[in-house]
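Text of the file final.txt, holding compact mmCIF, C-alpha atoms:
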```
# COMPACT_ATOMS: atom_id res chain seq x y z
CA MET E 97 30.98 -10.58 3.51
CA ASP E 98 30.46 -9.84 7.19
CA TRP E 99 27.50 -12.22 7.29
CA LEU E 100 29.92 -15.12 6.89
CA TYR E 101 31.47 -14.33 10.28
CA ILE E 102 29.95 -14.84 13.73
CA LEU E 103 31.14 -13.42 17.05
CA MET E 104 32.18 -15.97 19.65
CA PRO E 105 31.04 -14.31 22.94
CA ILE E 106 33.38 -16.14 25.32
CA ALA E 107 36.55 -16.09 23.20
CA GLY E 108 35.77 -12.58 21.90
CA VAL E 109 36.74 -13.33 18.27
CA LYS E 110 34.84 -13.39 14.96
CA ILE E 111 34.90 -16.77 13.20
CA PHE E 112 34.14 -17.90 9.63
CA TRP E 113 31.06 -19.99 10.51
CA PRO E 114 30.90 -22.10 7.29
CA GLY E 115 34.35 -23.36 8.31
CA LEU E 116 32.90 -24.60 11.61
CA ILE E 117 30.19 -26.55 9.76
CA ILE E 118 32.72 -28.13 7.36
CA LEU E 119 34.91 -29.12 10.30
CA GLY E 120 31.94 -30.53 12.21
CA ILE E 121 30.51 -32.74 9.45
CA GLY E 122 33.86 -33.72 7.98
CA VAL E 123 35.52 -34.60 11.25
CA GLY E 124 32.40 -36.52 12.29
CA VAL E 125 32.87 -38.77 9.25
CA ILE E 126 36.65 -39.02 9.72
CA GLY E 127 36.45 -39.53 13.48
CA GLY E 128 33.87 -42.30 13.18
CA PHE E 129 36.02 -44.02 10.55
CA PHE E 130 39.46 -43.75 12.16
CA GLY E 131 38.24 -44.27 15.73
CA MET E 132 39.16 -40.78 16.95
CA GLY E 133 37.44 -37.61 17.95
CA GLY E 134 39.16 -35.96 15.00
CA ALA E 135 40.65 -33.33 17.30
CA TRP E 136 44.04 -33.80 15.64
CA MET E 137 42.44 -31.88 12.76
CA VAL E 138 39.94 -29.73 14.65
CA THR E 139 42.27 -28.09 17.19
CA PRO E 140 44.69 -26.75 14.55
CA GLY E 141 41.65 -26.10 12.33
CA LEU E 142 39.98 -23.91 14.97
CA ASN E 143 43.27 -22.14 15.63
CA ILE E 144 43.66 -21.49 11.88
CA LEU E 145 40.09 -20.11 11.75
CA GLY E 146 40.99 -17.59 14.47
CA PHE E 147 40.52 -19.12 17.92
CA PRO E 148 43.30 -18.56 20.50
CA MET E 149 45.04 -21.91 21.07
CA ALA E 150 43.69 -22.51 24.59
CA PHE E 151 40.10 -21.90 23.35
CA ALA E 152 40.70 -24.10 20.29
CA ILE E 153 41.73 -26.95 22.61
CA GLY E 154 38.88 -26.55 25.10
CA THR E 155 36.16 -26.05 22.46
CA ASP E 156 37.26 -29.05 20.46
CA ILE E 157 37.28 -31.32 23.49
CA ALA E 158 33.72 -30.19 24.38
CA HIS E 159 32.29 -30.98 20.93
CA MET E 160 34.27 -34.21 20.73
CA ALA E 161 32.62 -35.81 23.77
CA GLY E 162 29.09 -35.90 22.32
CA LYS E 163 30.20 -37.02 18.87
CA SER E 164 32.31 -39.86 20.21
CA LEU E 165 29.36 -41.14 22.24
CA ILE E 166 27.36 -41.55 19.01
CA SER E 167 30.25 -43.26 17.20
CA THR E 168 30.91 -45.62 20.13
CA MET E 169 27.29 -46.79 20.14
CA ARG E 170 27.55 -47.50 16.41
CA HIS E 171 30.79 -49.46 16.72
CA GLY E 172 29.39 -51.35 19.71
CA LYS E 173 26.66 -52.77 17.46
CA PHE E 174 29.35 -54.11 15.10
CA GLY E 175 31.27 -55.75 17.98
CA ASN E 176 34.27 -53.44 17.49
CA VAL E 177 34.54 -52.22 21.11
CA ASP E 178 36.52 -54.03 23.81
CA TYR E 179 34.84 -52.45 26.84
CA LYS E 180 37.10 -54.29 29.30
CA LEU E 181 40.20 -52.87 27.64
CA GLY E 182 38.61 -49.42 27.50
CA GLY E 183 37.67 -49.60 31.17
CA ILE E 184 41.23 -50.47 32.19
CA MET E 185 42.62 -47.60 30.13
CA ILE E 186 40.35 -45.02 31.78
CA ILE E 187 42.68 -45.06 34.82
CA GLY E 188 45.67 -43.76 32.90
CA THR E 189 43.61 -41.53 30.58
CA VAL E 190 42.08 -39.36 33.34
CA ALA E 191 45.33 -39.01 35.31
CA GLY E 192 47.38 -38.15 32.23
CA PHE E 193 44.77 -35.70 30.93
CA GLU E 194 44.69 -33.57 34.07
CA ILE E 195 48.48 -33.29 34.13
CA GLY E 196 48.44 -32.18 30.47
CA ALA E 197 45.64 -29.62 31.05
CA GLN E 198 47.54 -28.08 33.97
CA MET E 199 50.63 -27.78 31.77
CA ILE E 200 48.56 -25.87 29.16
CA MET E 201 47.38 -23.38 31.80
CA TRP E 202 51.01 -22.84 32.82
CA LEU E 203 52.18 -22.37 29.20
CA GLU E 204 49.34 -19.88 28.65
CA ARG E 205 50.39 -17.87 31.71
CA ILE E 206 53.95 -17.51 30.43
CA GLY E 207 52.71 -16.71 26.90
CA ILE E 208 54.18 -19.52 24.82
CA VAL E 209 51.25 -21.96 24.51
CA GLY E 210 50.72 -21.45 20.73
CA PRO E 211 54.25 -22.15 19.44
CA VAL E 212 54.86 -24.99 21.92
CA VAL E 213 51.65 -26.82 21.01
CA ARG E 214 52.23 -26.39 17.26
CA TRP E 215 55.79 -27.76 17.44
CA MET E 216 54.58 -30.70 19.53
CA TYR E 217 51.94 -31.36 16.87
CA LEU E 218 54.58 -31.34 14.14
CA VAL E 219 56.85 -33.81 15.94
CA LEU E 220 53.95 -36.10 16.84
CA LEU E 221 52.39 -36.05 13.36
CA ALA E 222 55.76 -36.75 11.70
CA LEU E 223 56.37 -39.70 14.04
CA ILE E 224 52.93 -41.21 13.45
CA ALA E 225 53.12 -40.74 9.66
CA TRP E 226 56.48 -42.53 9.62
CA MET E 227 55.14 -45.33 11.80
CA VAL E 228 52.06 -45.95 9.63
CA PHE E 229 53.88 -45.98 6.28
CA HIS E 230 56.82 -47.96 7.68
CA ASP E 231 54.30 -50.55 8.87
CA VAL E 232 52.70 -50.72 5.40
CA ALA E 233 56.14 -51.00 3.73
CA VAL E 234 57.24 -53.83 6.05
CA LYS E 235 53.99 -55.74 5.48
CA ARG E 236 54.34 -55.47 1.69
CA ARG E 237 57.97 -56.63 1.90
CA LYS E 238 56.88 -59.69 3.87
CA GLU E 239 54.23 -60.43 1.24
CA ARG E 240 56.79 -60.18 -1.59
CA GLU E 241 59.20 -62.45 0.29
CA ALA E 242 56.43 -65.01 0.88
CA ILE E 243 55.48 -65.01 -2.80
CA ALA E 244 59.13 -65.31 -3.88
CA ALA E 245 59.57 -68.29 -1.55
CA GLY E 246 56.45 -69.93 -2.95
CA LYS E 247 54.59 -69.64 0.36
CA GLU E 248 51.00 -68.64 0.93
CA VAL E 249 50.58 -64.98 1.93
CA ASP E 250 49.28 -64.62 5.49
CA LYS E 251 46.38 -62.17 5.25
CA LEU E 252 46.52 -61.61 9.02
CA ALA E 253 50.22 -60.78 9.05
CA THR E 254 51.25 -57.29 10.14
CA GLY E 255 54.27 -55.13 9.41
CA ILE E 256 55.36 -53.66 12.74
CA GLU E 257 55.02 -56.21 15.55
CA TRP E 258 56.23 -54.29 18.61
CA HIS E 259 53.26 -55.60 20.59
CA LYS E 260 54.75 -59.11 20.61
CA THR E 261 57.72 -57.79 22.60
CA PHE E 262 55.46 -55.99 25.10
CA HIS E 263 53.31 -59.11 25.54
CA LYS E 264 56.39 -60.90 26.88
CA ILE E 265 56.33 -58.59 29.92
CA LYS E 266 54.42 -60.58 32.55
CA ILE E 267 53.97 -58.05 35.38
CA PRO E 268 50.79 -58.94 37.34
CA PRO E 269 47.91 -58.54 37.14
CA MET E 270 47.53 -60.27 33.77
CA VAL E 271 44.31 -59.73 31.81
CA HIS E 272 42.59 -61.62 29.00
CA LEU E 273 40.86 -59.27 26.56
CA LYS E 274 38.46 -61.47 24.60
CA VAL E 275 37.21 -59.00 21.97
CA ALA E 276 40.75 -57.89 21.09
CA GLY E 277 42.11 -61.44 21.43
CA ILE E 278 44.95 -60.34 23.72
CA TYR E 279 46.53 -61.70 26.91
CA CYS E 280 48.88 -59.17 28.52
CA SER E 281 49.86 -57.31 31.68
CA ALA E 282 47.25 -54.74 32.73
CA TRP E 283 50.11 -52.26 33.06
CA LEU E 284 50.58 -52.19 29.28
CA PRO E 285 47.22 -50.55 28.42
CA ILE E 286 47.39 -48.39 31.58
CA THR E 287 50.81 -47.00 30.58
CA VAL E 288 49.68 -46.40 26.99
CA SER E 289 46.53 -44.62 28.17
CA PHE E 290 48.46 -42.41 30.63
CA PHE E 291 50.77 -41.18 27.88
CA THR E 292 47.93 -40.62 25.41
CA GLY E 293 45.85 -38.92 28.11
CA TRP E 294 48.74 -36.57 28.86
CA LEU E 295 49.02 -35.64 25.18
CA ALA E 296 45.23 -35.22 25.03
CA GLY E 297 45.37 -32.61 27.78
CA ILE E 298 48.22 -30.72 26.10
CA LEU E 299 47.20 -30.91 22.45
CA GLY E 300 43.43 -30.79 22.88
CA ILE E 301 42.95 -34.20 21.30
CA GLY E 302 40.94 -37.09 22.66
CA GLY E 303 44.16 -39.05 22.58
CA GLY E 304 42.92 -40.92 19.52
CA LEU E 305 45.60 -39.54 17.26
CA ILE E 306 48.14 -41.70 19.07
CA ARG E 307 45.89 -44.12 20.95
CA MET E 308 44.55 -45.81 17.81
CA PRO E 309 48.04 -46.58 16.42
CA ALA E 310 49.25 -47.33 19.97
CA LEU E 311 46.46 -49.90 20.41
CA ILE E 312 47.52 -51.51 17.13
CA TYR E 313 51.33 -51.38 17.38
CA LEU E 314 51.92 -51.49 21.17
CA VAL E 315 48.90 -53.33 22.61
CA GLY E 316 48.26 -55.55 19.57
CA CYS E 317 44.58 -54.89 18.80
CA PRO E 318 43.13 -55.75 15.37
CA THR E 319 42.55 -52.49 13.47
CA HIS E 320 38.73 -52.50 13.62
CA VAL E 321 38.76 -53.25 17.39
CA ALA E 322 41.35 -50.50 17.94
CA VAL E 323 39.01 -48.07 16.15
CA GLY E 324 35.95 -48.91 18.27
CA THR E 325 37.80 -49.17 21.59
CA ASP E 326 39.63 -45.92 20.95
CA LEU E 327 36.33 -44.11 20.35
CA PHE E 328 35.11 -45.41 23.71
CA GLU E 329 38.23 -43.91 25.33
CA VAL E 330 37.81 -40.65 23.37
CA MET E 331 34.28 -40.38 24.75
CA ILE E 332 35.49 -40.82 28.35
CA SER E 333 38.44 -38.42 28.06
CA GLY E 334 36.24 -35.97 26.15
CA LEU E 335 33.58 -35.83 28.87
CA TYR E 336 36.21 -35.33 31.55
CA GLY E 337 38.14 -32.83 29.42
CA ALA E 338 35.03 -30.81 28.59
CA ALA E 339 34.27 -30.42 32.29
CA SER E 340 37.89 -29.53 33.09
CA TYR E 341 38.28 -26.88 30.35
CA THR E 342 34.80 -25.42 30.97
CA PHE E 343 35.76 -24.91 34.62
CA LYS E 344 38.93 -23.16 33.40
CA GLY E 345 36.84 -20.86 31.14
CA ARG E 346 38.36 -22.05 27.86
CA VAL E 347 35.32 -23.52 26.07
CA GLU E 348 33.37 -21.58 23.41
CA LEU E 349 29.95 -23.24 23.65
CA VAL E 350 28.50 -21.60 20.49
CA ALA E 351 31.22 -23.10 18.28
CA ALA E 352 31.02 -26.47 20.05
CA ILE E 353 27.25 -26.71 19.42
CA VAL E 354 27.57 -25.66 15.74
CA MET E 355 30.18 -28.38 15.13
CA LEU E 356 28.37 -31.02 17.18
CA VAL E 357 25.21 -30.81 15.04
CA GLY E 358 27.21 -31.60 11.89
CA ALA E 359 29.47 -34.09 13.63
CA ALA E 360 26.53 -36.15 14.90
CA MET E 361 25.47 -36.80 11.29
CA GLY E 362 28.97 -37.38 9.99
CA ALA E 363 29.83 -39.85 12.76
CA GLN E 364 27.09 -42.21 11.57
CA VAL E 365 28.64 -42.39 8.09
CA GLY E 366 32.21 -42.89 9.34
CA SER E 367 31.26 -45.65 11.77
CA VAL E 368 29.33 -47.64 9.16
CA ALA E 369 32.21 -47.25 6.65
CA THR E 370 34.51 -49.39 8.83
CA LYS E 371 32.22 -52.31 8.04
CA TYR E 372 33.39 -52.16 4.42
CA ILE E 373 36.94 -50.80 4.70
CA LYS E 374 39.12 -52.76 7.11
CA GLY E 375 42.73 -53.35 8.13
CA TYR E 376 45.39 -51.68 6.03
CA GLY E 377 42.87 -49.69 4.02
CA ILE E 378 42.11 -47.76 7.22
CA ARG E 379 45.80 -47.44 8.10
CA ILE E 380 46.86 -46.02 4.71
CA ALA E 381 44.01 -43.48 4.65
CA PHE E 382 44.92 -42.50 8.21
CA GLY E 383 48.56 -41.96 7.26
CA LEU E 384 47.64 -39.69 4.33
CA ALA E 385 45.37 -37.62 6.56
CA VAL E 386 48.16 -37.20 9.12
CA VAL E 387 50.59 -35.96 6.45
CA GLY E 388 48.07 -33.36 5.25
CA CYS E 389 47.45 -32.15 8.79
CA LEU E 390 51.23 -31.92 9.39
CA ILE E 391 51.67 -29.64 6.37
CA SER E 392 48.83 -27.33 7.53
CA VAL E 393 50.39 -26.90 10.98
CA LEU E 394 53.80 -26.22 9.38
CA LEU E 395 52.24 -23.47 7.24
CA LYS E 396 50.87 -21.87 10.41
CA LEU E 397 54.37 -21.84 11.95
CA ILE E 398 56.26 -20.29 9.02
CA PRO E 399 55.06 -16.67 9.64
CA ASN E 400 56.66 -16.75 13.11
CA TYR E 401 60.02 -16.75 11.33
CA TYR E 402 59.05 -14.98 8.06
CA PRO E 403 56.34 -12.40 8.96
CA ALA E 404 55.86 -11.29 5.33
CA SER E 405 54.46 -14.74 4.50
CA TYR E 406 51.62 -14.49 7.03
CA GLN E 407 48.74 -13.80 4.63
CA ILE E 408 49.59 -16.42 2.01
CA CYS E 409 50.44 -19.07 4.62
CA ASP E 410 47.22 -18.37 6.53
CA VAL E 411 45.10 -18.78 3.38
CA MET E 412 46.98 -21.93 2.32
CA ALA E 413 46.65 -23.48 5.79
CA THR E 414 42.91 -22.75 5.91
CA VAL E 415 42.29 -24.15 2.42
CA LEU E 416 44.41 -27.24 3.14
CA ILE E 417 42.83 -28.20 6.47
CA LEU E 418 39.25 -27.66 5.22
CA GLY E 419 40.04 -29.30 1.88
CA LEU E 420 41.63 -32.29 3.62
CA VAL E 421 38.62 -32.79 5.86
CA ALA E 422 36.23 -32.49 2.89
CA ALA E 423 38.27 -34.83 0.63
CA MET E 424 38.67 -37.54 3.28
CA SER E 425 34.95 -37.32 4.13
CA VAL E 426 33.96 -37.74 0.48
CA TYR E 427 36.36 -40.70 0.05
CA ILE E 428 35.01 -42.48 3.14
CA THR E 429 31.39 -41.81 2.16
CA VAL E 430 31.92 -43.10 -1.40
CA LYS E 431 33.60 -46.27 -0.12
CA MET E 432 30.75 -46.84 2.31
CA VAL E 433 28.13 -46.48 -0.45
CA GLN E 434 30.08 -48.82 -2.75
CA GLY E 435 30.42 -51.41 0.02
CA ALA E 436 26.74 -51.19 0.89
CA LYS E 437 25.74 -51.66 -2.77
CA GLN E 438 27.97 -54.75 -3.07
CA GLU E 439 26.48 -56.19 0.13
CA ILE E 440 22.92 -55.62 -1.11
CA ALA E 441 23.75 -57.17 -4.50
CA ALA E 442 25.32 -60.20 -2.81
CA LYS E 443 22.23 -60.71 -0.65
CA LYS E 444 19.96 -60.53 -3.68
CA GLY E 445 22.14 -63.08 -5.48
CA ARG E 446 21.70 -65.57 -2.62
CA VAL E 447 17.93 -65.19 -2.57
```

Starting from the file, give its structure as structure tokens.
Amino acid sequence: MDWLYILMPIAGVKIFWPGLIILGIGVGVIGGFFGMGGAWMVTPGLNILGFPMAFAIGTDIAHMAGKSLISTMRHGKFGNVDYKLGGIMIIGTVAGFEIGAQMIMWLERIGIVGPVVRWMYLVLLALIAWMVFHDVAVKRRKEREAIAAGKEVDKLATGIEWHKTFHKIKIPPMVHLKVAGIYCSAWLPITVSFFTGWLAGILGIGGGLIRMPALIYLVGCPTHVAVGTDLFEVMISGLYGAASYTFKGRVELVAAIVMLVGAAMGAQVGSVATKYIKGYGIRIAFGLAVVGCLISVLLKLIPNYYPASYQICDVMATVLILGLVAAMSVYITVKMVQGAKQEIAAKKGRV
């Protein structure tokens, strides 16, 4: 079965190449749909396939930049990108990213980069999963209360409304973001982008894992605008991050190119799917994907404390992460096809 493995010349490791293709296509679909580079799955996925953590981070960021460019162009055509908001956030994204990347180099030098990054992933994924499902639960409670009171259910109502508190902070300069329908202090998106940029540099993500929910819950963007604007930010941070990690010698170009070919095709599907699946449908699917990713990272950590479990945990983690990517990709693709068929049928009915 040696033909299923390919040597990565820069990282010096042999990798299961079909796994790279599955990650590339699948994460292209998922990233285009959720408004993220998909690195929250790819970085642990590459590490599970055999890449050292620093190479997993750098390689993922390199492939992410090109894919996010394609997805951003798609979302731009649907009017889902607030370029003014994205432009403001670049300031914090770049500054935060470089600080995070420097911290990774330091952790690598002292030999603890793998465990530290995995535990940070676990904490972050658990927090985001809670936030998403808490939001859904609060929204459904509000709907039940409205029905019980004999009131009309507000389809635009949200569960968590933290952004309303942040919008009360009037520190100049104030900005009006027309596409997102927001009027707030410019310091709000700058602060959010700095924090997400910092995590991007440390975890090897485009920041989308937390930026998309942060845009929704902290900045107050509608879900579809958060998706498109986040992809624009992922593209910017990805281009900068690719240059930064390439300079540091932590990018495996062969793997990045293999994944990018598949991701370019998958991104088209994911981006179009947001036309037919909106709002809380995106949020619930996102939450389920986060939970699956959390379990895969946990499986990778268990052998550090119970060495005898290494083989079974490694196989389970690999199957779970690749299975999760494949399952989510199929779900999104099926929903897109169903939505497109309904749209075509509706057009024919009006003719």

Residue with the minimum atom-to-atom distance to E:Trp258, picked from E:Trp215, E:Phe193, E:Tyr313, E:Trp202 with all atoms listed in the file counted, is E:Tyr313

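Here atom CA of E:Leu220 and atom CA of E:Phe147 stand 21.7 Å from one another.
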
One residue among E:Ile265, E:Leu145, E:Val347, E:Leu103 is nearest to E:Ala413 when using all atoms listed in the file, and that residue is E:Leu145

Q | Interatomic distance, atom CA of E:Val177 to atom CA of E:Gly337 (Å, one decimal) | A |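 Distance between the two atoms: 21.4 Å.
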
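Each of E:Val123, E:Cys409, E:Val271, E:Met227 was checked against E:Ile256 using all atoms listed in the file; the smallest atom-to-atom distance is that of E:Met227.
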
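Between atom CA of E:Met412 and atom CA of E:Arg379 lies a distance of 26.2 Å.
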
Residues within 9 Å of (32.8, -31.4, 12.7), file coordinates, counting all atoms listed in the file: what are they? Give the list as a list in words.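 I get Leu116, Ile117, Ile118, Leu119, Gly120, Ile121, Gly122, Val123, Gly124, Val125, Gly127, Gly134, Val138, His159, Met160, Lys163, Val354, Met355, Leu356, Val357, Gly358, Ala359, Ala360, Gly362 and Ala363 of chain E for the residues within 9 Å of that point.
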
Close residues, E:Leu384 itself excluded, 10 Å, all atoms listed in the file, min 2 positions apart in chain, as JSON, numbers by chain:
{"E": [225, 228, 229, 379, 380, 381, 382, 386, 387, 388, 389, 390, 420, 424]}

Could you name the residues that touch E:Ala152 at 6 Å or less, counting only C-alpha atoms, but leaving out those on the same chain fewer than 2 positions away, as a PyMOL selection string?
chain E and resi 139+142-143+147+149-150+154-155

(request) Please provide the set of residues having any atom within 10 Å of E:Ala310, restricted to all atoms listed in the file, with same-chain residues fewer than 3 positions apart removed, written as number ranges by chain. (result) E: 224, 258-259, 285, 288-289, 292, 304-307, 313-317, 322, 326

Choose the residue, out of E:Leu299, E:Ala242, E:Ala338, E:Val368, that has the smallest atom-to-atom separation from E:Gly162; count only C-alpha atoms.
->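 Using only C-alpha atoms, the shortest distance to E:Gly162 belongs to E:Ala338.
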
Distance criterion (all atoms listed in the file): nearest to E:Ile200 out of E:Ser164, E:Leu218, E:Trp294, E:Ile186 |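 Once distances to E:Ile200 are computed over all atoms listed in the file, the minimum belongs to E:Trp294.
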
Do a neighbour search on E:Gln198 at 12 Å with only C-alpha atoms, toss out local chain neighbours closer than 6 positions, and write the hits as a PyMOL selection string. chain E and resi 150+191-192+204-205+209+294-299+337+340-341+344

- request: Please provide the set of residues having any atom within 9 Å of E:Glu348, restricted to only C-alpha atoms, with same-chain residues fewer than 3 positions apart removed, written as an MDAnalysis selection string.
  value: chainID E and resid 104:107 151:152 154:156 158 342 345 351:353

Rebuild stretch 189-203 of chain E to N, CA and C atoms - output it as a PDB file, in the coordinates of the input, please.
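The resulting file, out_28.pdb, is reproduced below:
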```
ATOM      1  N   THR E 189      44.100 -42.636  31.394  1.00  0.00           N
ATOM      2  CA  THR E 189      43.610 -41.530  30.580  1.00  0.00           C
ATOM      3  C   THR E 189      43.291 -40.298  31.426  1.00  0.00           C
ATOM      4  N   VAL E 190      42.509 -40.490  32.493  1.00  0.00           N
ATOM      5  CA  VAL E 190      42.080 -39.360  33.340  1.00  0.00           C
ATOM      6  C   VAL E 190      43.275 -38.722  34.049  1.00  0.00           C
ATOM      7  N   ALA E 191      44.160 -39.548  34.602  1.00  0.00           N
ATOM      8  CA  ALA E 191      45.330 -39.010  35.310  1.00  0.00           C
ATOM      9  C   ALA E 191      46.237 -38.232  34.358  1.00  0.00           C
ATOM     10  N   GLY E 192      46.512 -38.810  33.197  1.00  0.00           N
ATOM     11  CA  GLY E 192      47.380 -38.150  32.230  1.00  0.00           C
ATOM     12  C   GLY E 192      46.765 -36.864  31.699  1.00  0.00           C
ATOM     13  N   PHE E 193      45.440 -36.879  31.492  1.00  0.00           N
ATOM     14  CA  PHE E 193      44.770 -35.700  30.930  1.00  0.00           C
ATOM     15  C   PHE E 193      44.889 -34.504  31.862  1.00  0.00           C
ATOM     16  N   GLU E 194      44.653 -34.692  33.137  1.00  0.00           N
ATOM     17  CA  GLU E 194      44.690 -33.570  34.070  1.00  0.00           C
ATOM     18  C   GLU E 194      46.084 -32.960  34.159  1.00  0.00           C
ATOM     19  N   ILE E 195      47.102 -33.794  34.115  1.00  0.00           N
ATOM     20  CA  ILE E 195      48.480 -33.290  34.130  1.00  0.00           C
ATOM     21  C   ILE E 195      48.737 -32.441  32.878  1.00  0.00           C
ATOM     22  N   GLY E 196      48.266 -32.927  31.717  1.00  0.00           N
ATOM     23  CA  GLY E 196      48.440 -32.180  30.470  1.00  0.00           C
ATOM     24  C   GLY E 196      47.688 -30.861  30.480  1.00  0.00           C
ATOM     25  N   ALA E 197      46.448 -30.848  30.997  1.00  0.00           N
ATOM     26  CA  ALA E 197      45.640 -29.620  31.050  1.00  0.00           C
ATOM     27  C   ALA E 197      46.296 -28.571  31.947  1.00  0.00           C
ATOM     28  N   GLN E 198      46.852 -29.014  33.068  1.00  0.00           N
ATOM     29  CA  GLN E 198      47.540 -28.080  33.970  1.00  0.00           C
ATOM     30  C   GLN E 198      48.778 -27.482  33.305  1.00  0.00           C
ATOM     31  N   MET E 199      49.456 -28.286  32.496  1.00  0.00           N
ATOM     32  CA  MET E 199      50.630 -27.780  31.770  1.00  0.00           C
ATOM     33  C   MET E 199      50.230 -26.704  30.765  1.00  0.00           C
ATOM     34  N   ILE E 200      49.051 -26.874  30.107  1.00  0.00           N
ATOM     35  CA  ILE E 200      48.560 -25.870  29.160  1.00  0.00           C
ATOM     36  C   ILE E 200      48.285 -24.552  29.861  1.00  0.00           C
ATOM     37  N   MET E 201      47.662 -24.602  31.054  1.00  0.00           N
ATOM     38  CA  MET E 201      47.380 -23.380  31.800  1.00  0.00           C
ATOM     39  C   MET E 201      48.682 -22.656  32.151  1.00  0.00           C
ATOM     40  N   TRP E 202      49.708 -23.421  32.481  1.00  0.00           N
ATOM     41  CA  TRP E 202      51.010 -22.840  32.820  1.00  0.00           C
ATOM     42  C   TRP E 202      51.657 -22.202  31.587  1.00  0.00           C
ATOM     43  N   LEU E 203      51.610 -22.902  30.444  1.00  0.00           N
ATOM     44  CA  LEU E 203      52.180 -22.370  29.200  1.00  0.00           C
ATOM     45  C   LEU E 203      51.446 -21.109  28.759  1.00  0.00           C
TER      46      LEU E 203
END
```
